[in-house]
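Have a look at target39.txt below; it lists compact mmCIF, C-alpha atoms and all ligand atoms.
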```
# COMPACT_ATOMS: atom_id res chain seq x y z
CA MET X 1071 24.17 -8.28 -81.46
CA SER X 1072 23.77 -6.42 -78.13
CA VAL X 1073 23.00 -8.09 -74.80
CA ALA X 1074 19.42 -6.72 -75.04
CA ASP X 1075 18.87 -8.07 -78.58
CA ASP X 1076 20.05 -11.46 -77.37
CA PHE X 1077 17.32 -11.57 -74.67
CA GLU X 1078 14.39 -13.29 -76.34
CA HIS X 1079 11.16 -12.79 -74.40
CA GLN X 1080 7.81 -11.57 -75.69
CA PRO X 1081 6.01 -9.65 -72.93
CA VAL X 1082 2.72 -11.42 -72.22
CA MET X 1083 -0.52 -9.34 -72.45
CA ARG X 1084 1.61 -6.26 -73.17
CA ASP X 1085 -1.29 -4.05 -74.30
CA GLU X 1086 -3.45 -5.10 -71.35
CA ILE X 1087 -0.61 -4.21 -68.95
CA VAL X 1088 -0.21 -0.77 -70.56
CA ASP X 1089 -3.95 -0.31 -70.18
CA VAL X 1090 -3.86 -1.28 -66.48
CA PHE X 1091 -1.35 1.49 -65.71
CA SER X 1092 -2.94 4.09 -68.00
CA THR X 1093 -5.07 5.48 -65.14
CA VAL X 1094 -2.60 5.43 -62.24
CA PRO X 1095 -1.25 8.67 -60.73
CA PRO X 1096 2.12 9.96 -62.01
CA GLY X 1097 5.13 8.53 -60.18
CA VAL X 1098 6.96 5.23 -59.86
CA VAL X 1099 5.77 1.82 -61.05
CA LEU X 1100 7.61 -1.13 -59.51
CA ASP X 1101 8.32 -3.91 -62.01
CA ALA X 1102 8.92 -6.74 -59.53
CA THR X 1103 9.92 -9.22 -62.27
CA LEU X 1104 11.88 -7.07 -64.68
CA GLY X 1105 13.20 -9.90 -66.92
CA GLY X 1106 14.33 -8.44 -70.24
CA GLY X 1107 12.38 -5.24 -69.52
CA GLY X 1108 9.64 -5.77 -72.12
CA HIS X 1109 6.74 -4.66 -69.93
CA THR X 1110 8.78 -1.84 -68.43
CA GLU X 1111 9.64 -0.53 -71.89
CA ALA X 1112 5.95 -0.53 -72.85
CA ILE X 1113 4.98 1.30 -69.64
CA LEU X 1114 7.71 3.93 -70.06
CA GLU X 1115 6.73 4.48 -73.70
CA SER X 1116 3.05 4.78 -72.85
CA ARG X 1117 3.35 7.59 -70.29
CA ALA X 1118 6.06 10.24 -69.89
CA ASP X 1119 4.98 10.92 -66.28
CA LEU X 1120 5.85 7.40 -65.07
CA ARG X 1121 9.22 6.09 -63.94
CA VAL X 1122 9.99 2.41 -63.34
CA LEU X 1123 11.94 0.76 -60.56
CA GLY X 1124 12.76 -2.80 -61.64
CA ILE X 1125 13.68 -5.82 -59.54
CA ASP X 1126 15.07 -9.15 -60.64
CA ARG X 1127 16.98 -11.89 -58.85
CA ASP X 1128 18.74 -12.83 -62.11
CA HIS X 1129 21.87 -10.80 -62.95
CA THR X 1130 21.63 -11.71 -66.67
CA ALA X 1131 18.13 -10.27 -66.86
CA LEU X 1132 19.21 -7.06 -65.12
CA LYS X 1133 22.05 -6.63 -67.59
CA ALA X 1134 19.79 -7.16 -70.61
CA ALA X 1135 17.09 -4.83 -69.25
CA GLY X 1136 19.70 -2.18 -68.38
CA ALA X 1137 20.93 -2.16 -71.99
CA ARG X 1138 17.43 -2.11 -73.47
CA LEU X 1139 16.18 0.67 -71.22
CA GLU X 1140 19.26 2.90 -71.18
CA ARG X 1141 17.55 5.41 -73.47
CA PHE X 1142 15.05 6.26 -70.69
CA GLY X 1143 17.86 7.70 -68.54
CA GLU X 1144 16.75 8.51 -65.00
CA ARG X 1145 13.22 7.30 -65.63
CA PHE X 1146 14.49 3.76 -65.08
CA ALA X 1147 16.43 2.18 -62.22
CA ALA X 1148 16.91 -1.45 -61.22
CA ALA X 1149 18.03 -3.59 -58.31
CA HIS X 1150 19.18 -7.16 -57.81
CA ALA X 1151 16.81 -8.49 -55.17
CA ARG X 1152 14.05 -10.95 -54.43
CA PHE X 1153 10.72 -9.26 -54.92
CA ASP X 1154 9.60 -9.78 -51.32
CA ALA X 1155 12.31 -7.21 -50.45
CA LEU X 1156 10.46 -4.54 -52.45
CA ARG X 1157 10.13 -2.18 -49.50
CA GLU X 1158 13.90 -2.24 -48.90
CA VAL X 1159 14.51 -1.60 -52.62
CA MET X 1160 12.06 1.33 -52.51
CA ASP X 1161 13.86 2.74 -49.45
CA ASP X 1162 17.25 2.42 -51.17
CA HIS X 1163 15.87 4.42 -54.11
CA GLU X 1164 14.05 6.92 -51.88
CA VAL X 1165 10.65 5.92 -53.21
CA ALA X 1166 8.01 6.42 -50.50
CA GLU X 1167 4.98 5.11 -52.37
CA LEU X 1168 4.14 3.53 -55.72
CA SER X 1169 1.84 4.42 -58.59
CA GLY X 1170 1.70 0.75 -59.44
CA ALA X 1171 3.34 -2.64 -59.17
CA LEU X 1172 3.62 -5.44 -61.71
CA PHE X 1173 4.43 -9.12 -61.12
CA ASP X 1174 4.93 -11.26 -64.24
CA LEU X 1175 5.66 -14.55 -62.51
CA GLY X 1176 7.84 -17.50 -63.39
CA VAL X 1177 10.79 -17.72 -65.74
CA SER X 1178 11.56 -15.77 -68.90
CA SER X 1179 11.92 -17.42 -72.30
CA HIS X 1180 15.57 -16.40 -72.12
CA GLN X 1181 16.09 -18.38 -68.92
CA LEU X 1182 14.26 -21.37 -70.42
CA ASP X 1183 16.21 -21.27 -73.67
CA THR X 1184 19.68 -20.89 -72.13
CA ALA X 1185 20.72 -24.55 -71.83
CA ASP X 1186 23.33 -24.12 -69.11
CA ARG X 1187 20.78 -22.54 -66.73
CA GLY X 1188 19.21 -26.00 -66.53
CA PHE X 1189 15.53 -24.95 -66.77
CA SER X 1190 14.77 -26.74 -70.02
CA TYR X 1191 13.64 -30.28 -70.69
CA ARG X 1192 14.51 -29.73 -74.38
CA HIS X 1193 18.08 -28.35 -74.22
CA GLU X 1194 20.80 -30.33 -72.50
CA GLY X 1195 22.30 -28.65 -69.47
CA PRO X 1196 23.16 -29.22 -65.80
CA VAL X 1197 20.28 -29.92 -63.38
CA ASP X 1198 20.37 -26.37 -61.96
CA MET X 1199 17.25 -24.14 -62.35
CA ARG X 1200 18.43 -21.31 -60.08
CA MET X 1201 16.99 -17.93 -61.05
CA ASP X 1202 19.78 -16.39 -59.00
CA SER X 1203 22.93 -18.19 -60.09
CA SER X 1204 24.74 -17.07 -56.93
CA GLY X 1205 22.31 -19.08 -54.77
CA GLU X 1206 23.71 -22.20 -53.08
CA TRP X 1207 20.61 -24.35 -53.49
CA SER X 1208 19.93 -25.86 -56.94
CA ALA X 1209 17.79 -28.49 -58.67
CA ASP X 1210 20.58 -30.98 -58.01
CA ASP X 1211 19.71 -30.83 -54.29
CA VAL X 1212 16.08 -31.64 -55.08
CA VAL X 1213 16.56 -34.23 -57.83
CA ASN X 1214 19.44 -36.09 -56.19
CA GLY X 1215 18.79 -35.26 -52.54
CA TYR X 1216 15.06 -35.39 -51.66
CA ASP X 1217 13.58 -38.71 -50.52
CA GLU X 1218 10.85 -40.27 -52.62
CA ASP X 1219 7.93 -38.98 -50.50
CA ARG X 1220 9.16 -35.41 -50.53
CA LEU X 1221 9.80 -35.51 -54.27
CA ALA X 1222 6.35 -36.95 -54.97
CA ASP X 1223 4.77 -34.27 -52.79
CA ILE X 1224 6.38 -31.31 -54.57
CA ILE X 1225 5.81 -32.77 -58.05
CA GLU X 1226 2.13 -33.20 -57.24
CA ARG X 1227 1.67 -29.86 -55.48
CA HIS X 1228 3.72 -27.57 -57.71
CA GLY X 1229 3.18 -29.47 -60.97
CA ASP X 1230 -0.42 -30.73 -60.69
CA GLU X 1231 1.12 -34.01 -61.92
CA ARG X 1232 -1.10 -37.06 -61.42
CA PHE X 1233 1.80 -39.51 -61.90
CA ALA X 1234 3.94 -37.78 -59.25
CA ARG X 1235 4.52 -40.94 -57.21
CA ARG X 1236 5.70 -43.01 -60.19
CA ILE X 1237 7.94 -40.17 -61.36
CA ALA X 1238 9.48 -39.72 -57.89
CA ARG X 1239 10.20 -43.47 -57.68
CA ALA X 1240 11.83 -43.43 -61.13
CA ILE X 1241 14.00 -40.41 -60.27
CA VAL X 1242 15.25 -42.00 -57.05
CA ALA X 1243 16.05 -45.25 -58.92
CA ALA X 1244 17.98 -43.43 -61.68
CA ARG X 1245 20.26 -41.35 -59.40
CA PRO X 1246 22.56 -39.62 -59.86
CA ILE X 1247 20.86 -37.57 -62.60
CA GLU X 1248 23.12 -34.76 -63.73
CA ARG X 1249 21.76 -33.54 -67.09
CA THR X 1250 18.35 -32.02 -67.81
CA THR X 1251 17.78 -34.25 -70.84
CA ASP X 1252 18.44 -37.36 -68.71
CA LEU X 1253 15.93 -36.08 -66.16
CA ALA X 1254 13.39 -35.45 -68.93
CA GLU X 1255 13.88 -39.02 -70.21
CA VAL X 1256 13.44 -40.57 -66.76
CA VAL X 1257 10.25 -38.55 -66.17
CA THR X 1258 8.83 -39.35 -69.61
CA ALA X 1259 9.48 -43.08 -69.20
CA ALA X 1260 7.68 -43.05 -65.82
CA ILE X 1261 4.45 -41.73 -67.36
CA PRO X 1262 2.13 -44.34 -68.95
CA ALA X 1263 2.37 -44.15 -72.77
CA PRO X 1264 -1.22 -43.00 -73.48
CA ALA X 1265 -0.87 -40.11 -70.99
CA ARG X 1266 2.38 -38.98 -72.62
CA ARG X 1267 0.50 -37.95 -75.72
CA THR X 1268 -1.63 -35.27 -74.03
CA GLY X 1269 -0.91 -32.00 -72.22
CA GLY X 1270 2.35 -30.91 -73.88
CA HIS X 1271 5.80 -32.35 -73.14
CA PRO X 1272 5.49 -35.12 -70.53
CA ALA X 1273 8.30 -33.64 -68.40
CA LYS X 1274 6.88 -30.09 -68.41
CA ARG X 1275 4.93 -30.32 -65.15
CA THR X 1276 7.77 -32.03 -63.26
CA PHE X 1277 10.32 -29.44 -64.41
CA GLN X 1278 7.95 -26.65 -63.37
CA ALA X 1279 7.51 -28.25 -59.94
CA ILE X 1280 11.25 -28.63 -59.34
CA ARG X 1281 11.91 -25.05 -60.50
CA ILE X 1282 9.25 -23.70 -58.12
CA GLU X 1283 10.78 -25.69 -55.25
CA VAL X 1284 14.36 -24.61 -56.00
CA ASN X 1285 13.43 -20.93 -56.12
CA GLY X 1286 10.90 -21.01 -53.26
CA GLU X 1287 8.53 -19.25 -55.67
CA LEU X 1288 5.26 -19.87 -53.86
CA ASP X 1289 6.66 -19.21 -50.38
CA ILE X 1290 7.72 -15.69 -51.27
CA LEU X 1291 4.66 -14.67 -53.25
CA PRO X 1292 1.97 -13.97 -50.58
CA SER X 1293 4.06 -11.53 -48.54
CA ALA X 1294 5.36 -9.83 -51.70
CA ILE X 1295 1.81 -9.19 -52.93
CA ASP X 1296 0.70 -7.89 -49.53
CA ARG X 1297 3.67 -5.51 -49.45
CA ALA X 1298 2.95 -4.23 -52.95
CA VAL X 1299 -0.71 -3.60 -52.13
CA GLU X 1300 0.34 -1.66 -49.01
CA ALA X 1301 2.88 0.39 -50.98
CA VAL X 1302 0.59 1.76 -53.71
CA ALA X 1303 -0.88 5.26 -53.49
CA PRO X 1304 -4.62 5.96 -53.90
CA GLY X 1305 -5.56 5.29 -57.53
CA GLY X 1306 -2.47 3.07 -57.88
CA ARG X 1307 -2.74 -0.51 -59.10
CA VAL X 1308 -1.15 -3.89 -58.49
CA ALA X 1309 -1.23 -6.28 -61.47
CA VAL X 1310 -0.17 -9.93 -61.36
CA LEU X 1311 0.31 -12.28 -64.31
CA THR X 1312 0.30 -15.95 -63.27
CA TYR X 1313 0.97 -19.09 -65.31
CA HIS X 1314 -0.36 -21.96 -63.22
CA SER X 1315 -3.13 -22.68 -60.76
CA GLY X 1316 -0.95 -22.69 -57.61
CA GLU X 1317 0.21 -19.12 -58.28
CA ASP X 1318 -3.22 -17.93 -59.29
CA ARG X 1319 -4.82 -19.33 -56.10
CA ILE X 1320 -2.35 -17.34 -53.99
CA VAL X 1321 -3.00 -14.09 -55.91
CA LYS X 1322 -6.76 -14.54 -55.70
CA ASP X 1323 -6.50 -15.22 -51.99
CA ARG X 1324 -4.27 -12.21 -51.20
CA PHE X 1325 -6.43 -9.87 -53.32
CA ARG X 1326 -9.58 -11.18 -51.61
CA GLU X 1327 -7.97 -10.62 -48.22
CA ALA X 1328 -7.14 -7.02 -49.22
CA THR X 1329 -10.63 -6.27 -50.52
CA ASP X 1330 -13.02 -8.43 -48.51
CA ARG X 1331 -14.13 -5.80 -46.06
CA CYS X 1332 -16.61 -4.73 -48.71
CA VAL X 1333 -19.37 -7.08 -49.82
CA CYS X 1334 -20.52 -5.00 -52.83
CA PRO X 1335 -20.06 -6.35 -56.40
CA PRO X 1336 -16.71 -5.22 -57.81
CA GLU X 1337 -18.40 -3.36 -60.72
CA LEU X 1338 -20.41 -1.11 -58.35
CA PRO X 1339 -19.38 1.61 -55.88
CA CYS X 1340 -19.28 0.48 -52.26
CA ILE X 1341 -22.61 0.92 -50.46
CA CYS X 1342 -22.20 -1.56 -47.62
CA GLY X 1343 -20.51 0.90 -45.28
CA ALA X 1344 -17.27 -1.03 -44.86
CA VAL X 1345 -14.00 0.87 -45.05
CA GLN X 1346 -12.68 -0.29 -48.39
CA THR X 1347 -9.16 0.76 -49.26
CA VAL X 1348 -8.61 -1.64 -52.16
CA ARG X 1349 -10.96 -2.81 -54.91
CA LEU X 1350 -10.78 -5.54 -57.54
CA VAL X 1351 -10.50 -3.97 -60.98
CA ARG X 1352 -12.36 -6.95 -62.40
CA GLY X 1353 -14.15 -9.85 -60.67
CA HIS X 1354 -12.40 -12.49 -62.79
CA ALA X 1355 -8.94 -13.04 -64.15
CA LYS X 1356 -8.38 -11.74 -67.68
CA ARG X 1357 -6.97 -14.16 -70.27
CA PRO X 1358 -4.84 -13.32 -73.34
CA SER X 1359 -6.51 -13.04 -76.74
CA ALA X 1360 -6.60 -16.04 -79.09
CA ASP X 1361 -4.33 -14.08 -81.44
CA GLU X 1362 -1.70 -13.60 -78.77
CA VAL X 1363 -1.79 -17.27 -77.76
CA ALA X 1364 -1.42 -18.29 -81.42
CA GLY X 1365 1.78 -16.22 -81.66
CA ASN X 1366 3.24 -16.97 -78.21
CA ARG X 1367 2.70 -20.40 -76.67
CA ARG X 1368 3.95 -19.18 -73.31
CA ALA X 1369 0.93 -16.87 -73.04
CA SER X 1370 -1.57 -19.73 -73.21
CA SER X 1371 -1.80 -20.29 -69.45
CA ALA X 1372 -1.60 -16.60 -68.45
CA ARG X 1373 -4.12 -15.02 -66.10
CA LEU X 1374 -4.09 -11.34 -65.19
CA ARG X 1375 -5.56 -10.07 -61.91
CA VAL X 1376 -5.55 -6.41 -60.86
CA VAL X 1377 -6.46 -4.46 -57.72
CA GLU X 1378 -6.63 -0.70 -57.25
CA ARG X 1379 -6.13 1.35 -54.14
CA VAL X 1380 -9.31 3.33 -53.58
CA ALA X 1381 -8.82 7.12 -53.85
CA ALA X 1382 -8.84 8.87 -50.47
CA GLU X 1383 -12.14 10.72 -51.10
CA GLU X 1384 -13.88 7.38 -51.80
CA GLU X 1385 -12.83 5.90 -48.45
CA HIS X 1386 -15.60 5.94 -45.88
CA GLY X 1387 -16.55 4.14 -42.68
C1 LIG P 1401 8.40 -13.92 -66.86
S1 LIG P 1401 9.91 -13.12 -66.58
C2 LIG P 1401 9.51 -11.40 -66.73
C3 LIG P 1401 9.57 -10.88 -68.12
C4 LIG P 1401 9.33 -9.39 -68.22
N1 LIG P 1401 8.02 -9.02 -67.75
C5 LIG P 1401 9.55 -8.90 -69.66
O1 LIG P 1401 8.60 -8.38 -70.25
O2 LIG P 1401 10.66 -9.03 -70.17
C6 LIG P 1401 10.08 -13.26 -64.84
C7 LIG P 1401 11.35 -12.65 -64.30
O3 LIG P 1401 11.17 -12.50 -62.90
C8 LIG P 1401 12.30 -12.93 -62.21
N2 LIG P 1401 11.82 -13.41 -60.91
C9 LIG P 1401 11.00 -14.45 -60.69
N3 LIG P 1401 10.75 -14.58 -59.38
C10 LIG P 1401 11.42 -13.57 -58.77
C11 LIG P 1401 11.54 -13.15 -57.40
N4 LIG P 1401 10.95 -13.82 -56.41
N5 LIG P 1401 12.27 -12.05 -57.13
C12 LIG P 1401 12.88 -11.36 -58.14
N6 LIG P 1401 12.82 -11.72 -59.44
C13 LIG P 1401 12.09 -12.81 -59.75
C14 LIG P 1401 12.93 -14.00 -63.06
O4 LIG P 1401 14.32 -14.08 -62.83
C15 LIG P 1401 12.59 -13.52 -64.48
O5 LIG P 1401 13.62 -12.75 -65.03
```

Rendering of file as structure tokens:
Amino acid sequence: MSVADDFEHQPVMRDEIVDVFSTVPPGVVLDATLGGGGHTEAILESRADLRVLGIDRDHTALKAAGARLERFGERFAAAHARFDALREVMDDHEVAELSGALFDLGVSSHQLDTADRGFSYRHEGPVDMRMDSSGEWSADDVVNGYDEDRLADIIERHGDERFARRIARAIVAARPIERTTDLAEVVTAAIPAPARRTGGHPAKRTFQAIRIEVNGELDILPSAIDRAVEAVAPGGRVAVLTYHSGEDRIVKDRFREATDRCVCPPELPCICGAVQTVRLVRGHAKRPSADEVAGNRRASSARLRVVERVAAEEEHG
């Protein structure tokens, strides 16, 4: 089995993503969250006049994507970086502007399913959760280092967890916690029994919150989206797939900021006289089909938002 075959991850809303980039000008699409390269492969297959520059902060993902996408030769290149450094990565690859940019946020199924990465509440591993395994800061610093107030705050904010305070108290009392399955047990026991039976695994929201904290996921996102919107050429598009409300709020906010000079409905051409350089491709987030959700649980919380740079001849003031 090759390194690419070993990388299990079904690209979410694959056909919708291909559709998003079907109208963009020829050139380079930046895949800011390359993962196993599933979306990139679909984009490269869909149009021979597009190349993809991929970014990931996870060396394992870059290796798997490199193997999977080798057959595209020079149409594909990749870099190990955080996605807020997209401009530097573009400069390194002599890419002046983009035809599109894609962010498929969060972790891949491969990261979740690899026990020793420590992302999973189901598989036993160290309390780690670093997307970039060379980083010095891990879930151990959060789980065994944060005081109760700070822990409760991140579990509530990043996990939308209503029992955050009880969970934080239980974690502090059970220290040191070194294995993911021990952490999952402590979290589960802290949640009142009736509430444990709804909303998926009881530890899911707390694990998500700790992972977001360890990787600074929400801190990096706003500037990365702004940079991507600035980097796309007229007719180019920025698409973002989010998986929880905190991420989606940020995307909505940054897209509104980029488009709000115009007060016209997104379905109509601008008539208000504002200089509009970016438009929402759709007023609302698109959700995956029921069929897709039935076949891929991870897709169930996905929301896709897209903006397009307005073509030069449409700009007016
Ligand atoms: C959901 S997976 C992407 C899967 C990919 N679209 C596919 O079809 O295979 C997200 C990937 O983005 C990477 N990632 C998340 N946040 C990142 C960041 N701030 N900078 C760079 N890579 C990031 C993760 O390491 C992970 O491999």

Calculated over only C-alpha atoms, which of the candidates X:Ala1148, X:Val1284, X:Val1159, X:Ala1265 has the smallest distance to Val1212 (chain X)? X:Val1284

Write as an NGL selection string the residues around ligand LIG 1401 (chain P), taking 7 Å as the cut-off and counting all atoms listed in the file. :X and (1079-1082 or 1102-1110 or 1125-1128 or 1131 or 1151-1154 or 1174-1178 or 1201 or 1287 or 1290)

Have a look at X:Arg1297, X:Arg1281, X:Arg1375, X:His1228 and name the one nearest to Val1321 (chain X); count only C-alpha atoms.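 Checking each candidate against Val1321 (chain X), we get X:Arg1375 as the closest.
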
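As for CA of Glu1283 (chain X) and CA of Ile1224 (chain X), they are spaced 7.2 Å apart.
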
Can you tell me which residues surround Glu1378 (chain X) at a distance of at most 9 Å, considering all atoms listed in the file, apart from same-chain residues fewer than 3 positions away, and format the answer as an NGL selection string? :X and (1094 or 1170 or 1299 or 1302 or 1304-1309 or 1347-1351 or 1381)

For Arg1236 (chain X), find every residue with an atom within 12 Å (counting all atoms listed in the file), except residues of its own chain fewer than 6 positions away, and show them as a ChimeraX atom specification. /X:1218-1219,1221-1223,1225-1226,1242-1243,1256-1262,1276

Please, what distance in Å, to one decimal, runs between CA of Met1083 (chain X) and CA of Pro1358 (chain X)?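 Between CA of Met1083 (chain X) and CA of Pro1358 (chain X) the gap works out to 5.9 Å.
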
Separation of CA of Ser1116 (chain X) from CA of Gly1136 (chain X), in Å and rounded to one decimal: 18.6 Å

Counting only C-alpha atoms, what is within 12 Å of Leu1114 (chain X), bar same-chain residues fewer than 3 positions away, as an MDAnalysis selection string? chainID X and resid 1087:1088 1091:1092 1096:1101 1107:1111 1117:1124 1138:1147

Have a look at X:Ser1371, X:Thr1312, X:Ser1190, X:Asn1214 and name the one nearest to His1271 (chain X); count all atoms listed in the file.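 So, comparing all the options, the nearest one is X:Ser1190.
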
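Considering the residues X:Asp1085, X:Asp1162, X:Glu1248, X:Glu1194 and counting only C-alpha atoms, Asp1210 (chain X) has its shortest atom-to-atom contact with X:Glu1248.
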
Which residue gives the smallest distance to Lys1274 (chain X) among X:Leu1374, X:Ala1294, X:Leu1311, X:Leu1253, with only C-alpha atoms counted?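 Distance minimum relative to Lys1274 (chain X) lands on X:Leu1253.
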
Quick one: of X:Arg1227, X:Arg1357, X:Arg1352, X:Arg1232, who's nearest to Tyr1313 (chain X), counting all atoms listed in the file? X:Arg1357

Enclosing box along x, y and z for every listed atom of region 1292-1306 of chain X, padded 4 Å each side, centre and size in Å, one decimal, as JSON:
```
{"center_x": -0.1, "center_y": -4.0, "center_z": -53.2, "size_x": 18.9, "size_y": 27.9, "size_z": 17.3}
```
